[in-house]
Every structure is written in structure tokens, then in C-alpha cells.
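Engineer: Quick one: the structure is below, questions incoming.
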Amino acid sequence: MEFLSRTQIILALGAVGLALFVLELVRSRRLSEEYSLLWVVASTAVAVLGFTTPLLRGITRALGILYETSTVFALGLAFTTVMLLFNSVKLSRLSHENRQLTRELAFLRLALEEQGAVTQTPSDGGGGA
Amino acid sequence: MSKASVLVVVPAFNEEESLAATLDELARTTRADVLVVDDGSRDHTSGIARQHDVHVLRHAVNLGVGAALQTGFRYALERGYDIAVQLDADGQHDPAYLESLVEPVASGAADVAIGSRYVARTGYRAPRARRLGMVVFSTIVRLGIGRRIADTTSGFRAYGRAVMEVCQHDFPQDFPDAPLLITLARMGFRTCEVPVEMRERGAGRSFYTLGKSLYYPYKNVLASLMALLRRSA
């Protein structure tokens with residue numbers, strides 16, 4: 001049985017903690033299930049790698065890395081990069097949708113103005129732009 | 001001017017200082033309808049526009065000049081205009097050239113007419129950098145479409161209906177310059193250049209802040225290359 005280095009244990013426990021926190025965010029509806037998936041998978045992977053030295057060692061050797069800990073960090077960094085890229089893609093799509101909605105709103109408001117429906121009384125407390 | 005119905009689209013973002021003068025000048029020089037697209041201004045741009053005999057569309061948030069132009073195109077399409085002319089709110093574009101700009105599009109000689117500045121301006125903030133940029137984008141466009149367009153950064157342009165329709169789907173949101181020209185040329189639209197003289201900005205800040213002046217070349221080069229790589233539908 002290989003012994004676990006202190007770093008490995010800290011990483012593994014941290015990963016378990018992160019996974020639990022992510023699940024808590026989903027439970028309290030602050031994170032949607034869709035976005036939680038990657039986080040749960042990644043933190044589980046780190047935890048598994050942290051606790052199973054042979055697997056970690058195998059991967060480390062296969063990648064040509066000297067220290068196991070570096071492998072964990074490298075994988076973590078790779079994950080972070082993927083996650084950021086994923087977020088940028090999502091953000092681009094959201095901006096695109098935001099443009100559509102803003103434009104739609106402008107035309108709807110114009111239609112209302114032309115009917116004389118707005119600029120009269122802000123009855124529902126919405127107020128002007 | 002021929003029988004084609006023309007809509008002058010004025011994208012405006014925080015242009016309360018210069019908009020009134022621009023709209024007054026337009027009212028004096030042309031009978032074409034005018035649409036001001038207030039792109040989420042924080043000042044009285046919309047209010048000033050509404051004091052004039054123009055149509056006003058207001059974006060609730062700032063989307064960028066390209067998006068404002070696209071909104072103008074949609075308005076033009078929905079209301080049956082044949083041609084839309086982009087004219088900046090800051091007074092750079094002289095409405096006296098409207099007629100000559102519209103003419104090639106109205107006669108069917110071109111789908112897009114670009115108001116091309118041929119007179120070197122003085123006192124421009126970054127003339128050398130700007131000139132370098134114009135050369136670079138001109139070269140990219142020439143390599144891309146095999147034809148020279150001298151003034152790829154001019155925002156003073158007339159667009160025909162078919163172009164406006166295409167632009168509803170695929171359009172650069174922030175700076176509709178070189179990438180747009182490449183995209184349109186590859187779709188088979190014909191562009192032509194009409195000589196115009198441009199003036200200094202009437203008032204307000206120039207749109208080219210430091211951050212944007214660094215981002216602009218990057219974005220336009222990348223978007224131009226992407227426009228070249230995309231298969232035209």
C-alpha cells in the first residue's frame with residue numbers, strides 16, 4: 001500500500017468539500033443542475049485521484065510528469081481552462097440573446113408609443129426608461 | 001433623388017451635445033425620413049431626438065453601433081424602405097452627400113455605397129495610427145475579396161434592401177467595418193465608393209478610447225479572417 005502524501009490528502013479532502021458545496025448550491029437553487037455537472041465530475045475526479053495513489057502514479061508516468069502532486073494540479077488547471085472557455089461560450093450566447101431581447105423591447109415600445117399607450121400614465125409603476 | 005424611399009439611420013450613444021445640430025442639418029438638407037436609434041444613452045439623447053420630426057427607437061441598454069445599425073435595418077425593412085443610410089450623430093457626416101451616396105444603390109449599380117473620404121483631415125487625434133489602420137484593413141479586404149476598397153472604416157454608407165435582409169442574421173455587433181464588407185462581398189453583393197469629405201466631430205467624446213483603439217484592430221482582423229473562412233451560404 002502506497003502512503004498518501006499530505007498534499008494528496010489535503011487536495012482530496014478539498015475536492016470532497018468542493019463537491020459537497022456544489023451539491024448544496026444546487027439544492028438551494030443557486031446553481032442549476034446543468035452547470036453543476038462539470039463541477040461535480042471534476043471534484044470527484046480530483047478526490048479519486050487524491051486517494052488512489054497507484055492510479056495517480058500511473059497517470060503521472062504516462063504523462064511524463066515527475067511528481068504526482070503536479071499531475072493533480074495540471075488536471076485542475078486543465079479543468080479550470082475548460083470551464084472558463086465554457087463560460088465564455090455561454091456568455092457570448094447570452095449577449096447575443098440579450099441583443100435580440102433589447103431590440104425586441106425597443107420595437108415593442110415603439111409600437112406602444114405609436115398607439116399612444118405609453119408616456120401617458122405609468123400605471124403599473126414601471127416608469128420610463 | 002430617384003423614387004427609392006430612403007431612411008437615414010442615426011445611431012446615437014450619449015450624443016446630446018451634437019445630435020440636435022445633426023438633426024437640424026438633416027431637416028434642412030433632405031426630405032428623407034430619419035430614424036434615431038438611441039443605443040442605451042445615459043443622457044438626453046432620446047429627449048432631444050423626440051423634439052425633432054424624426055422616428056426614435058431606444059435600446060434599453062447599450063449594445064454597440066453595429067447592433068444599433070441592425071435595429072435601424074429592421075425598422076427600414078418592416079416599414080418598406082428601399083435604402084438605409086447610416087449617418088453618424090456626431091456631425092462627421094455631411095448630409096449634403098446623401099444624394100450622391102444613395103444614387104448608386106437606387107439605380108441598382110451597387111448594393112452598398114461607401115462614403116469614402118479622400119481629403120486628409122488635419123488635427124485628427126491619431127492620424128498616423130488611423131492611417132496605418134486604414135491601410136491594414138484595406139489590404140485585408142483586398143486580399144479577401146480581390147478588390148480594393150480605399151475607406152473600409154467609413155461609417156457613412158448606403159445599404160440596399162437585400163443587404164439589410166442578410167444583415168438581420170449575421171452582423172458584426174460592435175464595429176461593422178472591414179468584416180462586414182468581406183462578408184457582403186463574398187455573398188456576391190456589389191460595393192462601390194462615393195467620394196465624400198468628412199468633418200471633425202461636432203461635440204462629445206470620440207468613440208475611439210484607448211481600450212477600444214487596442215481592441216478594435218484585434219477584433220477587426222480576427223473577424224475579417226473569420227469572414228473569409230466561413231462558407232457563404
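Chain lettering (A, B, ...) mirrors the order of the C-alpha cells, residue numbering begins at 1 for each chain separately, and ligand numbering begins at 1 in order of display.
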Could you produce a table of the residues of chain A lying within 8 Å of chain B, with the nearest pair of atoms per residue and their separation in Å rounded to one decimal, using only C-alpha atoms, ordered by chain and increasing residue number, as CSV?
Structural biologist:
```
residue,atom,partner,partner_atom,distance
A:Arg99,CA,B:Leu63,CA,6.6
A:Thr102,CA,B:His59,CA,5.8
A:Arg103,CA,B:His59,CA,6.4
A:Leu105,CA,B:His59,CA,7.5
A:Ala106,CA,B:Arg58,CA,5.4
A:Phe107,CA,B:Leu57,CA,7.0
A:Leu110,CA,B:Leu57,CA,6.5
A:Ala129,CA,B:Ala60,CA,6.7
```
Engineer: Which residues are close to Thr80 in chain A, i.e. within 12 Å by only C-alpha atoms, leaving aside same-chain residues fewer than 4 positions away? Reply as an mmCIF file with C-alpha atoms, in the first residue's frame.
Structural biologist:
```cif
data_model
loop_
_atom_site.group_PDB
_atom_site.id
_atom_site.type_symbol
_atom_site.label_atom_id
_atom_site.label_comp_id
_atom_site.auth_asym_id
_atom_site.auth_seq_id
_atom_site.Cartn_x
_atom_site.Cartn_y
_atom_site.Cartn_z
ATOM 1 C CA LEU A 38 -18.914 19.623 -14.715
ATOM 2 C CA TRP A 39 -18.052 20.760 -11.215
ATOM 3 C CA ALA A 42 -14.203 17.357 -11.763
ATOM 4 C CA SER A 43 -14.128 17.481 -7.986
ATOM 5 C CA PHE A 73 -2.530 20.490 -10.296
ATOM 6 C CA ALA A 74 -2.147 20.042 -14.040
ATOM 7 C CA LEU A 75 -5.514 18.325 -14.297
ATOM 8 C CA GLY A 76 -7.056 21.014 -12.117
ATOM 9 C CA LEU A 84 -13.617 29.267 -18.346
ATOM 10 C CA LEU A 85 -13.895 28.594 -22.055
ATOM 11 C CA PHE A 86 -17.286 27.013 -21.496
ATOM 12 C CA ASN A 87 -18.342 30.124 -19.573
#
```
Engineer: Interatomic distance between CA of Val22 in chain A and CA of Phe79 in chain A?
Structural biologist: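 About the pair CA of Val22 in chain A and CA of Phe79 in chain A: they are 15.5 Å apart.
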Engineer: Could you pull out the helix (DSSP H, G or I) residues of chain A, going by DSSP on the backbone, and write them as a PyMOL selection string?
Structural biologist: chain A and resi 6-27+33-51+53-63+68-114
Engineer: Determine, counting only C-alpha atoms, which protein, DNA and RNA residues have an atom within 8 Å of an atom of Thr71 in chain A; residues of the same chain fewer than 6 positions away are not included. Present the result as a PyMOL selection string.
Structural biologist: chain A and resi 56+59-60+65
Engineer: Check the smallest atom-to-atom distance from each of A:Met83, A:Leu94, A:Ala47, A:Leu108 to Leu13 in chain A using only C-alpha atoms, then report the winner.
Structural biologist: A:Ala47
Engineer: One decimal, in Å: what's the spacing between CA of Val6 in chain B and CA of Leu87 in chain B?
Structural biologist: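 Answer for the CA of Val6 in chain B to CA of Leu87 in chain B separation: 12.3 Å.
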Engineer: Taking the DSSP secondary structure from the backbone, can you list the residues of range 45-174 of chain B that are strand (DSSP E or B), as a ChimeraX atom specification?
Structural biologist: /B:55-59,83-86,112-117,157-160
Engineer: Residues as selected, N, CA, C and O atoms, written as an mmCIF file, in the first residue's frame, can you do that?
Structural biologist:
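Wrote again.cif, looks like this:
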```cif
data_model
loop_
_atom_site.group_PDB
_atom_site.id
_atom_site.type_symbol
_atom_site.label_atom_id
_atom_site.label_comp_id
_atom_site.auth_asym_id
_atom_site.auth_seq_id
_atom_site.Cartn_x
_atom_site.Cartn_y
_atom_site.Cartn_z
ATOM 1 N N HIS B 55 -38.141 59.660 -36.295
ATOM 2 C CA HIS B 55 -38.562 58.472 -35.556
ATOM 3 C C HIS B 55 -37.475 58.127 -34.551
ATOM 4 O O HIS B 55 -36.297 58.335 -34.815
ATOM 5 N N VAL B 56 -37.885 57.594 -33.422
ATOM 6 C CA VAL B 56 -36.905 57.267 -32.390
ATOM 7 C C VAL B 56 -37.130 55.843 -31.891
ATOM 8 O O VAL B 56 -38.253 55.462 -31.558
ATOM 9 N N LEU B 57 -36.063 55.079 -31.900
ATOM 10 C CA LEU B 57 -36.087 53.756 -31.270
ATOM 11 C C LEU B 57 -35.033 53.784 -30.187
ATOM 12 O O LEU B 57 -33.941 54.309 -30.393
ATOM 13 N N ARG B 58 -35.375 53.225 -29.041
ATOM 14 C CA ARG B 58 -34.408 53.279 -27.945
ATOM 15 C C ARG B 58 -34.063 51.895 -27.426
ATOM 16 O O ARG B 58 -34.939 51.123 -27.055
ATOM 17 N N HIS B 59 -32.762 51.573 -27.445
ATOM 18 C CA HIS B 59 -32.305 50.344 -26.781
ATOM 19 C C HIS B 59 -32.257 50.611 -25.287
ATOM 20 O O HIS B 59 -31.729 51.630 -24.860
ATOM 21 N N ILE B 83 -33.856 51.830 -49.135
ATOM 22 C CA ILE B 83 -32.442 52.098 -48.841
ATOM 23 C C ILE B 83 -32.313 52.691 -47.440
ATOM 24 O O ILE B 83 -33.140 53.516 -47.033
ATOM 25 N N ALA B 84 -31.295 52.231 -46.722
ATOM 26 C CA ALA B 84 -30.977 52.858 -45.443
ATOM 27 C C ALA B 84 -29.586 53.451 -45.522
ATOM 28 O O ALA B 84 -28.667 52.824 -46.038
ATOM 29 N N VAL B 85 -29.464 54.666 -45.025
ATOM 30 C CA VAL B 85 -28.156 55.317 -44.996
ATOM 31 C C VAL B 85 -27.750 55.500 -43.547
ATOM 32 O O VAL B 85 -28.509 56.040 -42.746
ATOM 33 N N GLN B 86 -26.563 55.025 -43.206
ATOM 34 C CA GLN B 86 -26.057 55.286 -41.868
ATOM 35 C C GLN B 86 -25.400 56.652 -41.850
ATOM 36 O O GLN B 86 -24.574 56.970 -42.708
ATOM 37 N N VAL B 112 -24.192 48.239 -51.848
ATOM 38 C CA VAL B 112 -23.719 49.057 -50.739
ATOM 39 C C VAL B 112 -22.863 50.172 -51.318
ATOM 40 O O VAL B 112 -21.987 49.922 -52.139
ATOM 41 N N ALA B 113 -23.131 51.407 -50.904
ATOM 42 C CA ALA B 113 -22.290 52.525 -51.321
ATOM 43 C C ALA B 113 -21.584 53.066 -50.091
ATOM 44 O O ALA B 113 -22.218 53.315 -49.065
ATOM 45 N N ILE B 114 -20.267 53.203 -50.203
ATOM 46 C CA ILE B 114 -19.467 53.656 -49.073
ATOM 47 C C ILE B 114 -19.019 55.084 -49.308
ATOM 48 O O ILE B 114 -18.431 55.391 -50.342
ATOM 49 N N GLY B 115 -19.298 55.943 -48.359
ATOM 50 C CA GLY B 115 -18.794 57.310 -48.439
ATOM 51 C C GLY B 115 -17.326 57.304 -48.085
ATOM 52 O O GLY B 115 -16.951 57.035 -46.951
ATOM 53 N N SER B 116 -16.495 57.579 -49.066
ATOM 54 C CA SER B 116 -15.060 57.400 -48.883
ATOM 55 C C SER B 116 -14.384 58.758 -48.763
ATOM 56 O O SER B 116 -14.535 59.610 -49.623
ATOM 57 N N ARG B 117 -13.620 58.956 -47.697
ATOM 58 C CA ARG B 117 -13.004 60.284 -47.526
ATOM 59 C C ARG B 117 -11.721 60.338 -48.339
ATOM 60 O O ARG B 117 -10.893 59.422 -48.287
ATOM 61 N N ARG B 157 -22.545 55.108 -45.080
ATOM 62 C CA ARG B 157 -22.830 54.144 -46.137
ATOM 63 C C ARG B 157 -24.315 54.069 -46.441
ATOM 64 O O ARG B 157 -25.142 54.311 -45.574
ATOM 65 N N ALA B 158 -24.614 53.677 -47.651
ATOM 66 C CA ALA B 158 -25.999 53.410 -48.037
ATOM 67 C C ALA B 158 -26.141 51.914 -48.314
ATOM 68 O O ALA B 158 -25.285 51.319 -48.968
ATOM 69 N N TYR B 159 -27.201 51.331 -47.793
ATOM 70 C CA TYR B 159 -27.425 49.893 -47.935
ATOM 71 C C TYR B 159 -28.750 49.627 -48.639
ATOM 72 O O TYR B 159 -29.765 50.235 -48.292
ATOM 73 N N GLY B 160 -28.720 48.700 -49.570
ATOM 74 C CA GLY B 160 -29.962 48.300 -50.229
ATOM 75 C C GLY B 160 -30.722 47.276 -49.405
ATOM 76 O O GLY B 160 -30.205 46.729 -48.433
#
```
Engineer: Give me the residues within 8 Å of Thr45 in chain B as a list in words, counting only C-alpha atoms and dropping any in the same chain fewer than 6 places off.
Structural biologist: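 My reading of the contact set: Ala12, Phe13, Asn14, Glu15, Glu16, Leu19 and Asp38 of chain B.
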Engineer: So, with only C-alpha atoms as the atoms that count, which of B:Glu165, B:Glu78, B:Asp177, B:Glu103 lies closest to Lys219 in chain B?
Structural biologist: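 Among the listed residues, B:Asp177 lies closest to Lys219 in chain B.
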Engineer: Considering only C-alpha atoms, return as an NGL selection string whatever protein or nucleic-acid residues lie within 12 Å of Thr191 in chain B, sequence-local ones (same chain, fewer than 5 positions apart) excluded.
Structural biologist: :B and (101 or 104-105 or 108-116 or 141 or 145 or 147-152 or 157-160 or 163 or 180-186)
Engineer: Any chance you can output those residues with C-alpha atoms as a PDB file, in the first residue's frame?
Structural biologist:
```
ATOM      1  CA  LEU B 101     -24.362  58.221 -51.728  1.00  0.00           C
ATOM      2  CA  PRO B 104     -25.632  54.044 -56.968  1.00  0.00           C
ATOM      3  CA  VAL B 105     -27.845  51.906 -54.719  1.00  0.00           C
ATOM      4  CA  GLY B 108     -29.084  49.313 -58.930  1.00  0.00           C
ATOM      5  CA  ALA B 109     -25.414  49.857 -59.743  1.00  0.00           C
ATOM      6  CA  ALA B 110     -24.396  48.719 -56.258  1.00  0.00           C
ATOM      7  CA  ASP B 111     -25.850  47.093 -53.168  1.00  0.00           C
ATOM      8  CA  VAL B 112     -23.719  49.057 -50.739  1.00  0.00           C
ATOM      9  CA  ALA B 113     -22.290  52.525 -51.321  1.00  0.00           C
ATOM     10  CA  ILE B 114     -19.467  53.656 -49.073  1.00  0.00           C
ATOM     11  CA  GLY B 115     -18.794  57.310 -48.439  1.00  0.00           C
ATOM     12  CA  SER B 116     -15.060  57.400 -48.883  1.00  0.00           C
ATOM     13  CA  VAL B 141     -10.232  43.454 -47.610  1.00  0.00           C
ATOM     14  CA  ILE B 145     -12.323  39.915 -51.921  1.00  0.00           C
ATOM     15  CA  ARG B 147     -10.809  44.232 -54.950  1.00  0.00           C
ATOM     16  CA  ARG B 148      -9.633  47.437 -53.405  1.00  0.00           C
ATOM     17  CA  ILE B 149     -11.816  49.449 -51.060  1.00  0.00           C
ATOM     18  CA  ALA B 150      -9.994  52.580 -50.008  1.00  0.00           C
ATOM     19  CA  ASP B 151     -12.025  53.539 -46.973  1.00  0.00           C
ATOM     20  CA  THR B 152     -13.062  50.392 -45.125  1.00  0.00           C
ATOM     21  CA  ARG B 157     -22.830  54.144 -46.137  1.00  0.00           C
ATOM     22  CA  ALA B 158     -25.999  53.410 -48.037  1.00  0.00           C
ATOM     23  CA  TYR B 159     -27.425  49.893 -47.935  1.00  0.00           C
ATOM     24  CA  GLY B 160     -29.962  48.300 -50.229  1.00  0.00           C
ATOM     25  CA  VAL B 163     -28.180  43.666 -47.826  1.00  0.00           C
ATOM     26  CA  LEU B 180     -18.897  43.297 -42.920  1.00  0.00           C
ATOM     27  CA  LEU B 181     -17.519  44.365 -46.290  1.00  0.00           C
ATOM     28  CA  ILE B 182     -15.811  40.987 -46.704  1.00  0.00           C
ATOM     29  CA  THR B 183     -18.929  39.079 -45.687  1.00  0.00           C
ATOM     30  CA  LEU B 184     -21.093  41.064 -48.083  1.00  0.00           C
ATOM     31  CA  ALA B 185     -18.641  40.795 -50.955  1.00  0.00           C
ATOM     32  CA  ARG B 186     -18.425  37.042 -50.525  1.00  0.00           C
TER      33      ARG B 186
END
```
Engineer: How many Å lie between CA of Glu104 in chain A and CA of Thr22 in chain B, rounded to one decimal?
Structural biologist: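 Computing the Euclidean distance for CA of Glu104 in chain A and CA of Thr22 in chain B yields 26.8 Å.
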Engineer: Could you list, as a list in words, every residue within 12 Å of Leu55 in chain A, counting only C-alpha atoms and ignoring same-chain residues fewer than 5 positions away?
Structural biologist: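 Within the cut-off, the hits are Glu2, Ala45, Val46, Ala47, Val48, Leu49, Gly50, Thr60, Arg61, Ala62, Glu68, Thr71 and Val72 of chain A.
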Engineer: Could you take the residues named above and write them with N, CA and C atoms, as a compact mmCIF listing (two decimals), in the first residue's frame?
Structural biologist:
```txt
# COMPACT_ATOMS: atom_id res chain seq x y z
N GLU A 2 0.63 2.11 -0.96
CA GLU A 2 1.39 3.35 -1.06
C GLU A 2 0.92 4.30 0.04
N ALA A 45 -13.33 13.58 -9.56
CA ALA A 45 -12.11 13.06 -10.19
C ALA A 45 -10.89 13.40 -9.36
N VAL A 46 -10.81 14.62 -8.88
CA VAL A 46 -9.66 15.03 -8.06
C VAL A 46 -9.63 14.22 -6.77
N ALA A 47 -10.80 14.05 -6.17
CA ALA A 47 -10.86 13.29 -4.92
C ALA A 47 -10.38 11.86 -5.15
N VAL A 48 -10.86 11.22 -6.20
CA VAL A 48 -10.47 9.84 -6.50
C VAL A 48 -8.96 9.76 -6.72
N LEU A 49 -8.44 10.68 -7.52
CA LEU A 49 -7.01 10.70 -7.79
C LEU A 49 -6.21 10.92 -6.51
N GLY A 50 -6.72 11.78 -5.65
CA GLY A 50 -6.01 12.07 -4.41
C GLY A 50 -5.90 10.85 -3.53
N THR A 60 0.59 9.86 -13.89
CA THR A 60 1.76 10.72 -13.81
C THR A 60 2.86 10.21 -14.73
N ARG A 61 3.08 8.88 -14.67
CA ARG A 61 4.12 8.28 -15.50
C ARG A 61 3.75 8.42 -16.99
N ALA A 62 2.50 8.14 -17.28
CA ALA A 62 2.05 8.20 -18.67
C ALA A 62 2.23 9.60 -19.25
N GLU A 68 3.53 13.32 -8.44
CA GLU A 68 2.09 13.07 -8.50
C GLU A 68 1.29 14.35 -8.27
N THR A 71 0.59 16.36 -11.18
CA THR A 71 -0.45 15.82 -12.05
C THR A 71 -1.81 16.35 -11.62
N VAL A 72 -2.03 16.31 -10.29
CA VAL A 72 -3.31 16.81 -9.78
C VAL A 72 -3.49 18.28 -10.15
```
Engineer: Between B:Thr153, B:Val196, B:Glu17, B:Arg161, which is the closest to Asn220 in chain B once you count only C-alpha atoms?
Structural biologist: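 Comparing B:Thr153, B:Val196, B:Glu17, B:Arg161 against Asn220 in chain B, the winner is B:Thr153.
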